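Colleague: Data: protein.txt, compact mmCIF, C-alpha atoms.
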# COMPACT_ATOMS: atom_id res chain seq x y z
CA MET C 1 34.24 11.71 -37.91
CA LYS C 2 36.58 14.54 -36.89
CA GLN C 3 35.34 14.28 -33.32
CA LEU C 4 36.10 10.53 -33.28
CA LYS C 5 39.65 11.11 -34.53
CA PHE C 6 40.15 13.76 -31.87
CA ILE C 7 39.05 11.36 -29.10
CA ILE C 8 41.39 8.62 -30.39
CA LEU C 9 44.35 11.01 -30.49
CA LEU C 10 43.55 12.23 -27.00
CA LEU C 11 43.48 8.69 -25.63
CA ILE C 12 46.81 7.91 -27.29
CA PHE C 13 48.35 11.06 -25.82
CA VAL C 14 47.12 10.22 -22.32
CA HIS C 15 48.45 6.65 -22.61
CA VAL C 16 51.89 7.76 -23.81
CA SER C 17 52.14 10.49 -21.17
CA ARG C 18 51.21 8.07 -18.41
CA GLY C 19 53.61 5.38 -19.62
CA SER C 20 56.55 7.78 -19.83
CA SER C 21 56.09 8.93 -16.22
CA ASP C 22 55.93 5.38 -14.81
CA TRP C 23 59.56 4.50 -15.59
CA VAL C 24 61.83 4.09 -12.56
CA GLN C 25 65.33 2.95 -11.83
CA GLY C 26 65.16 -0.67 -10.73
CA GLY C 27 66.30 -2.10 -7.41
CA VAL C 28 68.55 -5.03 -6.52
CA LEU C 29 68.67 -7.38 -3.54
CA ILE C 30 71.96 -8.98 -2.47
CA HIS C 31 71.15 -12.43 -1.11
CA GLU C 32 74.64 -13.80 -0.58
CA LEU C 33 78.24 -12.56 -0.56
CA SER C 34 81.25 -14.76 -0.02
CA GLY C 35 84.65 -13.49 1.09
CA GLY C 36 86.58 -11.49 -1.45
CA VAL C 37 83.63 -9.67 -3.05
CA ASN C 38 83.55 -5.87 -3.25
CA ILE C 39 80.20 -4.47 -4.32
CA SER C 40 78.88 -0.91 -4.28
CA GLU C 41 76.41 1.44 -5.87
CA LEU C 42 78.04 3.49 -8.62
CA GLY C 43 79.80 6.45 -7.04
CA GLU C 44 79.27 5.20 -3.48
CA ALA C 45 81.47 3.47 -0.90
CA GLU C 46 81.78 -0.31 -0.97
CA LEU C 47 79.49 -2.35 1.23
CA LYS C 48 81.12 -3.74 4.33
CA GLN C 49 81.95 -7.44 4.22
CA GLU C 50 80.68 -7.88 7.79
CA ILE C 51 77.02 -7.96 6.74
CA SER C 52 75.14 -9.94 9.37
CA GLU C 53 71.70 -10.07 7.78
CA PHE C 54 70.57 -10.63 4.21
CA PRO C 55 69.07 -9.57 1.88
CA VAL C 56 70.68 -6.15 1.49
CA GLY C 57 68.98 -3.73 -0.89
CA ILE C 58 70.82 -1.32 -3.19
CA HIS C 59 69.88 0.86 -6.12
CA GLY C 60 70.11 -0.76 -9.53
CA ARG C 61 73.36 0.82 -10.77
CA LEU C 62 76.28 -1.01 -9.19
CA SER C 63 79.80 -2.36 -9.61
CA CYS C 64 81.17 -5.67 -8.36
CA ARG C 65 84.63 -7.24 -8.13
CA ALA C 66 85.24 -10.77 -6.91
CA ASP C 67 88.42 -12.66 -6.08
CA SER C 68 89.06 -16.23 -7.14
CA GLY C 69 86.59 -18.56 -5.42
CA ALA C 70 84.31 -15.70 -4.28
CA HIS C 71 80.76 -15.17 -5.51
CA ALA C 72 77.66 -12.99 -5.16
CA VAL C 73 73.96 -13.80 -5.68
CA LEU C 74 71.57 -11.00 -6.67
CA SER C 75 67.93 -10.65 -7.61
CA ALA C 76 66.40 -7.70 -9.45
CA SER C 77 63.03 -5.97 -9.31
CA ASN C 78 62.23 -7.25 -12.82
CA ARG C 79 62.30 -10.84 -11.38
CA MET C 80 65.75 -11.67 -12.73
CA PHE C 81 68.42 -13.62 -10.83
CA LEU C 82 72.17 -13.20 -11.31
CA GLN C 83 75.14 -15.02 -9.84
CA PHE C 84 78.71 -13.80 -10.29
CA ARG C 85 81.82 -15.87 -9.59
CA GLY C 86 85.37 -14.56 -9.46
CA PRO C 87 87.97 -13.75 -10.32
CA GLY C 88 86.58 -10.87 -12.33
CA GLU C 89 84.36 -7.80 -12.34
CA PHE C 90 81.12 -6.48 -13.78
CA GLY C 91 78.82 -3.50 -13.41
CA VAL C 92 75.18 -2.63 -13.97
CA GLU C 93 75.33 0.57 -16.01
CA ARG C 94 71.59 1.09 -16.51
CA PHE C 95 68.51 -0.59 -15.05
CA GLU C 96 65.19 0.99 -15.89
CA GLN C 97 61.70 -0.47 -15.72
CA THR C 98 58.05 0.42 -15.54
CA GLU C 99 56.97 0.59 -11.92
CA PRO C 100 55.52 -2.77 -10.81
CA GLU C 101 51.91 -2.91 -9.67
CA GLN C 102 51.18 -4.66 -6.40
CA ASP C 103 48.15 -6.66 -7.60
CA ALA C 104 49.81 -7.78 -10.85
CA TRP C 105 52.99 -8.74 -8.96
CA LEU C 106 51.09 -10.96 -6.53
CA SER C 107 48.97 -12.61 -9.22
CA SER C 108 51.89 -13.79 -11.35
CA GLU C 109 55.50 -14.92 -10.97
CA GLU C 110 56.46 -13.12 -14.19
CA GLU C 111 57.39 -9.51 -14.84
CA ASN C 112 54.22 -7.46 -15.30
CA GLY C 113 55.85 -4.47 -16.99
CA LEU C 114 58.88 -3.69 -19.14
CA SER C 115 62.56 -3.34 -18.26
CA ARG C 116 65.85 -2.39 -19.90
CA LEU C 117 69.06 -3.67 -18.33
CA LEU C 118 72.61 -2.83 -19.45
CA ILE C 119 75.49 -4.79 -17.89
CA SER C 120 79.22 -4.24 -18.41
CA PHE C 121 81.00 -7.59 -17.96
CA ARG C 122 84.81 -7.63 -18.11
CA SER C 123 85.88 -10.99 -16.71
CA GLY C 124 84.75 -13.84 -14.47
CA HIS C 125 81.75 -16.20 -14.61
CA MET C 126 78.23 -14.76 -14.84
CA LEU C 127 74.98 -16.74 -14.74
CA ILE C 128 71.63 -15.09 -15.52
CA ASP C 129 68.07 -16.40 -15.17
CA ALA C 130 65.78 -13.99 -17.02
CA ARG C 131 63.05 -16.47 -17.95
CA SER C 132 60.46 -14.53 -15.93
CA LEU C 133 60.95 -11.30 -17.87
CA ASN C 134 58.32 -9.81 -20.14
CA GLY C 135 58.93 -10.93 -23.71
CA ASP C 136 59.41 -7.29 -24.74
CA SER C 137 62.01 -6.56 -22.06
CA ARG C 138 65.69 -6.54 -22.93
CA VAL C 139 68.97 -7.54 -21.28
CA THR C 140 72.15 -6.27 -22.94
CA VAL C 141 75.62 -7.36 -21.79
CA GLU C 142 78.64 -5.50 -23.11
CA THR C 143 81.95 -7.39 -22.97
CA PRO C 144 85.48 -6.70 -24.28
CA LEU C 145 84.68 -9.18 -27.06
CA GLY C 146 81.25 -8.00 -28.14
CA ARG C 147 77.65 -7.57 -27.13
CA ILE C 148 75.03 -10.10 -25.98
CA THR C 149 71.31 -9.33 -26.23
CA SER C 150 68.53 -11.48 -24.86
CA SER C 151 65.12 -11.37 -23.27
CA ARG C 152 63.60 -14.44 -21.63
CA ALA C 153 66.63 -16.71 -21.34
CA LEU C 154 68.72 -18.80 -18.94
CA TRP C 155 72.41 -18.58 -19.77
CA GLN C 156 75.97 -18.15 -18.56
CA MET C 157 79.26 -16.70 -19.76
CA ARG C 158 82.88 -17.10 -18.73
CA ILE C 159 85.65 -14.65 -19.65
CA ALA C 160 89.32 -15.14 -18.81
CA PHE C 161 92.15 -12.84 -19.96
CA ASP C 162 95.88 -13.55 -20.03
CA GLN C 163 97.63 -10.20 -19.62
CA ARG C 164 101.01 -11.46 -20.86
CA SER C 165 99.72 -12.86 -24.14
CA GLU C 166 96.69 -10.53 -24.33
CA ILE C 167 94.56 -13.53 -25.24
CA PHE C 168 90.91 -13.96 -24.23
CA ASP C 169 89.34 -17.32 -23.51
CA PHE C 170 85.54 -17.16 -23.32
CA GLU C 171 82.40 -19.30 -23.44
CA ILE C 172 78.68 -18.55 -23.73
CA ALA C 173 76.21 -21.36 -22.96
CA CYS C 174 72.46 -21.03 -23.50
CA SER C 175 70.25 -23.38 -21.48
CA SER C 176 66.83 -21.87 -22.29
CA GLY C 177 65.54 -19.23 -24.68
CA ARG C 178 67.73 -17.53 -27.22
CA LEU C 179 70.78 -15.23 -27.24
CA ASN C 180 72.44 -13.07 -29.87
CA PHE C 181 76.16 -12.34 -29.74
CA THR C 182 77.75 -9.66 -31.95
CA ASP C 183 81.54 -9.53 -31.86
CA LYS C 184 83.78 -6.51 -32.45
CA ARG C 185 83.94 -7.33 -36.18
CA ASP C 186 80.14 -7.00 -36.29
CA LEU C 187 79.78 -10.73 -36.95
CA LYS C 188 76.53 -12.07 -35.47
CA TYR C 189 75.91 -15.44 -33.80
CA ALA C 190 72.54 -16.78 -32.63
CA LEU C 191 72.49 -19.30 -29.77
CA ARG C 192 69.49 -21.48 -28.99
CA ALA C 193 68.86 -23.68 -25.97
CA GLY C 194 71.51 -26.39 -25.70
CA GLN C 195 74.15 -24.50 -27.72
CA ARG C 196 77.51 -23.22 -26.58
CA LEU C 197 79.80 -20.64 -28.17
CA SER C 198 83.53 -21.03 -27.46
CA GLY C 199 86.16 -18.49 -28.44
CA ALA C 200 89.83 -17.70 -27.95
CA GLY C 201 92.18 -15.06 -29.27
CA GLY C 202 92.58 -11.31 -29.38
CA TRP C 203 89.62 -9.03 -28.78
CA MET C 204 89.33 -8.27 -32.51
CA THR C 205 90.40 -11.65 -33.91
CA PRO C 206 89.01 -14.50 -31.78
CA GLY C 207 88.41 -17.94 -33.22
CA ILE C 208 84.78 -18.91 -32.54
CA ASP C 209 82.98 -22.27 -32.63
CA ILE C 210 79.39 -23.19 -31.77
CA VAL C 211 78.86 -26.64 -30.27
CA GLU C 212 76.53 -28.37 -27.82
CA THR C 213 76.62 -27.49 -24.13
CA THR C 214 78.85 -29.67 -21.96
CA GLU C 215 78.13 -31.55 -18.77
CA LYS C 216 80.12 -28.89 -16.91
CA ASP C 217 77.79 -26.20 -18.27
CA ARG C 218 74.71 -28.13 -17.20
CA GLU C 219 76.11 -28.71 -13.71
CA ALA C 220 76.86 -25.00 -13.30
CA ILE C 221 73.32 -24.07 -14.31
CA GLY C 222 71.87 -26.75 -12.02
CA ASP C 223 73.81 -25.40 -9.04
CA PHE C 224 72.74 -21.85 -9.91
CA LEU C 225 69.05 -22.74 -10.11
CA SER C 226 69.26 -24.60 -6.82
CA ILE C 227 70.67 -21.46 -5.16
CA CYS C 228 67.95 -19.30 -6.74
CA ASP C 229 65.23 -21.63 -5.45
CA GLY C 230 66.51 -21.10 -1.92
CA PHE C 231 66.10 -17.32 -2.24
CA GLN C 232 62.91 -17.30 -4.31
CA ALA C 233 60.53 -16.58 -1.41
CA VAL C 234 62.48 -13.49 -0.33
CA ALA C 235 63.09 -12.32 -3.91
CA SER C 236 59.31 -12.40 -4.53
CA ARG C 237 58.57 -9.70 -1.94
CA LEU C 238 57.87 -6.50 -3.84
CA ASN C 239 57.97 -4.39 -0.65
CA LEU C 240 61.74 -5.01 -0.43
CA TYR C 241 62.35 -3.47 -3.86
CA LEU C 242 60.02 -0.48 -3.75
CA PRO C 243 62.22 1.69 -1.44
CA LEU C 244 65.14 1.10 -3.83
CA MET C 245 63.39 2.46 -6.92
CA LYS C 246 63.82 6.06 -8.01
CA GLN C 247 61.63 8.04 -10.38
CA LEU C 248 63.43 8.89 -13.62
CA PRO C 249 63.33 12.30 -15.31
CA ASP C 250 61.39 12.32 -18.57
CA LEU C 251 64.51 13.19 -20.56
CA GLN C 252 66.41 10.20 -19.21
CA THR C 253 63.46 7.90 -19.83
CA GLU C 254 62.99 9.00 -23.43
CA GLN C 255 66.50 7.88 -24.33
CA TRP C 256 65.58 4.30 -23.50
CA ASP C 257 61.85 4.35 -24.33
CA MET C 258 62.16 2.28 -27.50
CA PRO C 259 60.91 -1.09 -28.81
CA ALA C 260 62.71 -4.14 -27.48
CA ALA C 261 65.38 -5.65 -29.70
CA ASP C 262 64.19 -8.38 -32.02
CA PRO C 263 66.01 -11.63 -31.06
CA GLY C 264 66.37 -12.42 -34.75
CA ARG C 265 68.39 -9.31 -35.63
CA GLU C 266 70.76 -6.80 -34.09
CA ASP C 267 70.66 -3.04 -34.01
CA THR C 268 73.72 -0.83 -33.97
CA THR C 269 75.68 -0.47 -30.74
CA PRO C 270 73.87 2.03 -28.47
CA VAL C 271 75.70 5.23 -27.59
CA ILE C 272 75.18 6.27 -23.98
CA ILE C 273 76.04 9.85 -23.02
CA GLU C 274 76.68 10.54 -19.35
CA TYR C 275 76.77 14.15 -18.16
CA ALA C 276 79.95 15.16 -16.35
CA PRO C 277 80.08 17.95 -13.76
CA ARG C 278 81.30 21.36 -14.96
CA PRO C 279 85.09 21.60 -14.39
CA GLU C 280 86.52 24.24 -12.11
CA SER C 281 87.68 27.42 -13.83
CA LEU C 282 91.42 27.64 -14.44
CA THR C 283 93.54 30.46 -13.01
CA PRO C 284 95.91 31.87 -15.67
CA PHE C 285 99.60 31.56 -14.79
CA ARG C 286 102.12 34.16 -15.88
CA GLY C 287 105.75 33.17 -15.64
CA GLU C 288 108.57 35.65 -15.11
CA ILE C 289 112.14 35.25 -16.41
CA ARG C 290 114.91 36.60 -14.25
CA ALA C 291 117.49 38.93 -15.74
CA PRO C 292 120.76 37.17 -16.73
CA SER C 293 123.60 37.27 -14.24
CA ALA C 294 126.86 39.07 -14.94
CA ARG C 295 128.55 35.74 -15.82
CA GLN C 296 125.78 34.81 -18.26
CA VAL C 297 126.07 38.24 -19.91
CA GLY C 298 129.79 37.65 -20.38
CA VAL C 299 129.27 34.21 -21.91
CA PHE C 300 126.65 35.29 -24.42
Take the structure from the file and write it as structure tokens.

Modeller:
Amino acid sequence: MKQLKFIILLLIFVHVSRGSSDWVQGGVLIHELSGGVNISELGEAELKQEISEFPVGIHGRLSCRADSGAHAVLSASNRMFLQFRGPGEFGVERFEQTEPEQDAWLSSEEENGLSRLLISFRSGHMLIDARSLNGDSRVTVETPLGRITSSRALWQMRIAFDQRSEIFDFEIACSSGRLNFTDKRDLKYALRAGQRLSGAGGWMTPGIDIVETTEKDREAIGDFLSICDGFQAVASRLNLYLPLMKQLPDLQTEQWDMPAADPGREDTTPVIIEYAPRPESLTPFRGEIRAPSARQVGVF
């Protein structure tokens, strides 16, 4: 009996050790950029607008700004599509996944591992198709108004901000799957397919309503899916993503190696600690005061 327990524990240890070493930073393909889009890997120079051949591959942590009327179309190595329309900006803060296997990738059009994606979305119009994700994968979008969590879903969000009045106008429309939105007051809203959340007001005091999606929402999703279909063949080529993936240190992986969020409930807001470089040592400064002049001596 003791020997059987030892074998079981050994198998569990081997499985956990192997799983923790298979996590990598995901990769992203840029399929289309219109004029007025600035996109770059975090900490790197912006990509030149004069790109003559697509797709362009970049590592999974990136920032993007788009002017009014401009847009970008991206696909990710976890089989997710994203379109961003300006004016506005967003960034991918974290993108980690288990390394895809060639045979499993070719045998299915769905994600064959797990992934964790954290997006910072400030303003603009974002459309996401994550229906091919593993059911245990997670997409988290942080906004100035709250946090969205989802897994296998097709959805969009618009955020506009008036700087003079400091008023936000935002909409979240779910076309497939389920979303959870938690605002800054920790109030939680669940959106199912065909529902739309509309809000307006300050970042801490928006008025929120949940109604049915509009014809405008359905047209936007239809256009988005049509664009994705045109890039599907290229986005399905695993060999384009593999050079973009980077092995993650065990310490970094352990911070995110946790069960996926349950769509029916919300956890507390995650705290992400980034290490900053050590600052340069300061050189002490010693000031010297000149002796008073003869006139100053006479005055005082």

Colleague: Report the closest atom pair, with its distance in Å rounded to one decimal, for each residue of stretch 172-262 of chain C that has an atom no farther than 10 Å from stretch 83-91 of chain C; count only C-alpha atoms, sort by chain and then rising residue number, and write it as a tab-separated table.

Modeller:
residue	atom	partner	partner_atom	distance
C:Phe224	CA	C:Gln83	CA	7.2
C:Leu225	CA	C:Gln83	CA	9.8
C:Ile227	CA	C:Gln83	CA	9.1
C:Cys228	CA	C:Gln83	CA	8.9

Colleague: Residues around (58.8, 0.8, -17.5), cut-off 7 Å, counting all atoms listed in the file - what are they as an mmCIF file with C-alpha atoms, keeping the file's coordinate frame?

Modeller:
data_model
loop_
_atom_site.group_PDB
_atom_site.id
_atom_site.type_symbol
_atom_site.label_atom_id
_atom_site.label_comp_id
_atom_site.auth_asym_id
_atom_site.auth_seq_id
_atom_site.Cartn_x
_atom_site.Cartn_y
_atom_site.Cartn_z
ATOM 1 C CA ASP C 22 55.930 5.380 -14.810
ATOM 2 C CA TRP C 23 59.560 4.500 -15.590
ATOM 3 C CA VAL C 24 61.830 4.090 -12.560
ATOM 4 C CA GLU C 96 65.190 0.990 -15.890
ATOM 5 C CA GLN C 97 61.700 -0.470 -15.720
ATOM 6 C CA THR C 98 58.050 0.420 -15.540
ATOM 7 C CA GLU C 99 56.970 0.590 -11.920
ATOM 8 C CA GLY C 113 55.850 -4.470 -16.990
ATOM 9 C CA LEU C 114 58.880 -3.690 -19.140
ATOM 10 C CA SER C 115 62.560 -3.340 -18.260
#

Colleague: Please determine, counting all atoms listed in the file, which residue among C:Asp223, C:Glu32, C:Glu101, C:Asp229 has the shortest atom-to-atom distance to C:Ile51.

Modeller: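 Residue with the minimum atom-to-atom distance to C:Ile51: C:Glu32.
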
Colleague: Once you count only C-alpha atoms, which residues end up no further than 8 Å from (72.3, -0.3, -7.6) in the file's frame, shown as a list of chain:residue names?

Modeller: C:Gly26, C:Gly27, C:Val28, C:Ser40, C:Glu41, C:Leu42, C:Ile58, C:His59, C:Gly60, C:Arg61, C:Leu62, C:Val92

Colleague: Mind pulling up the distance from atom CA of C:Ile128 to atom CA of C:Ile210?

Modeller: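 Computed distance, atom CA of C:Ile210 to atom CA of C:Ile128, equals 19.7 Å.
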
Colleague: Give me, please, the distance in Å between atom CA of C:Asp217 and atom CA of C:Gln156, quoted to one decimal.

Modeller: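 Straight-line distance from atom CA of C:Asp217 to atom CA of C:Gln156 works out to 8.3 Å.
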
Colleague: If we count all atoms listed in the file, what is near C:Leu33 at a cut-off of 10 Å, once residues fewer than 5 positions away on the same chain are taken out, given as an mmCIF file with C-alpha atoms, in the frame of the given file?

Modeller:
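Generated output (part.cif):
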data_model
loop_
_atom_site.group_PDB
_atom_site.id
_atom_site.type_symbol
_atom_site.label_atom_id
_atom_site.label_comp_id
_atom_site.auth_asym_id
_atom_site.auth_seq_id
_atom_site.Cartn_x
_atom_site.Cartn_y
_atom_site.Cartn_z
ATOM 1 C CA ASN C 38 83.550 -5.870 -3.250
ATOM 2 C CA ILE C 39 80.200 -4.470 -4.320
ATOM 3 C CA GLN C 49 81.950 -7.440 4.220
ATOM 4 C CA GLU C 50 80.680 -7.880 7.790
ATOM 5 C CA ILE C 51 77.020 -7.960 6.740
ATOM 6 C CA PHE C 54 70.570 -10.630 4.210
ATOM 7 C CA PRO C 55 69.070 -9.570 1.880
ATOM 8 C CA ALA C 66 85.240 -10.770 -6.910
ATOM 9 C CA ALA C 70 84.310 -15.700 -4.280
ATOM 10 C CA HIS C 71 80.760 -15.170 -5.510
ATOM 11 C CA ALA C 72 77.660 -12.990 -5.160
ATOM 12 C CA VAL C 73 73.960 -13.800 -5.680
ATOM 13 C CA LEU C 74 71.570 -11.000 -6.670
ATOM 14 C CA PHE C 84 78.710 -13.800 -10.290
#

Colleague: Go ahead and compute the interatomic distance for atom CA of C:Ile119 and atom CA of C:Gln25, in Å to one decimal.

Modeller: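 Computed distance, atom CA of C:Ile119 to atom CA of C:Gln25, equals 14.1 Å.
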
Colleague: Could I get the residues of stretch 102-214 of chain C with an atom no further than 12 Å from an atom of stretch 239-248 of chain C, each paired with its nearest atom pair and that distance in Å to one decimal, using only C-alpha atoms, sorted by chain and residue number, as JSON lines?

Modeller:
{"residue": "C:Gln102", "atom": "CA", "partner": "C:Asn239", "partner_atom": "CA", "distance": 8.9}
{"residue": "C:Trp105", "atom": "CA", "partner": "C:Asn239", "partner_atom": "CA", "distance": 10.6}
{"residue": "C:Leu106", "atom": "CA", "partner": "C:Asn239", "partner_atom": "CA", "distance": 11.2}

Colleague: Counting all atoms listed in the file, which residue out of C:Leu127, C:Ala291, C:Leu47, C:Ala233 sits closest to C:Leu154?

Modeller: C:Leu127
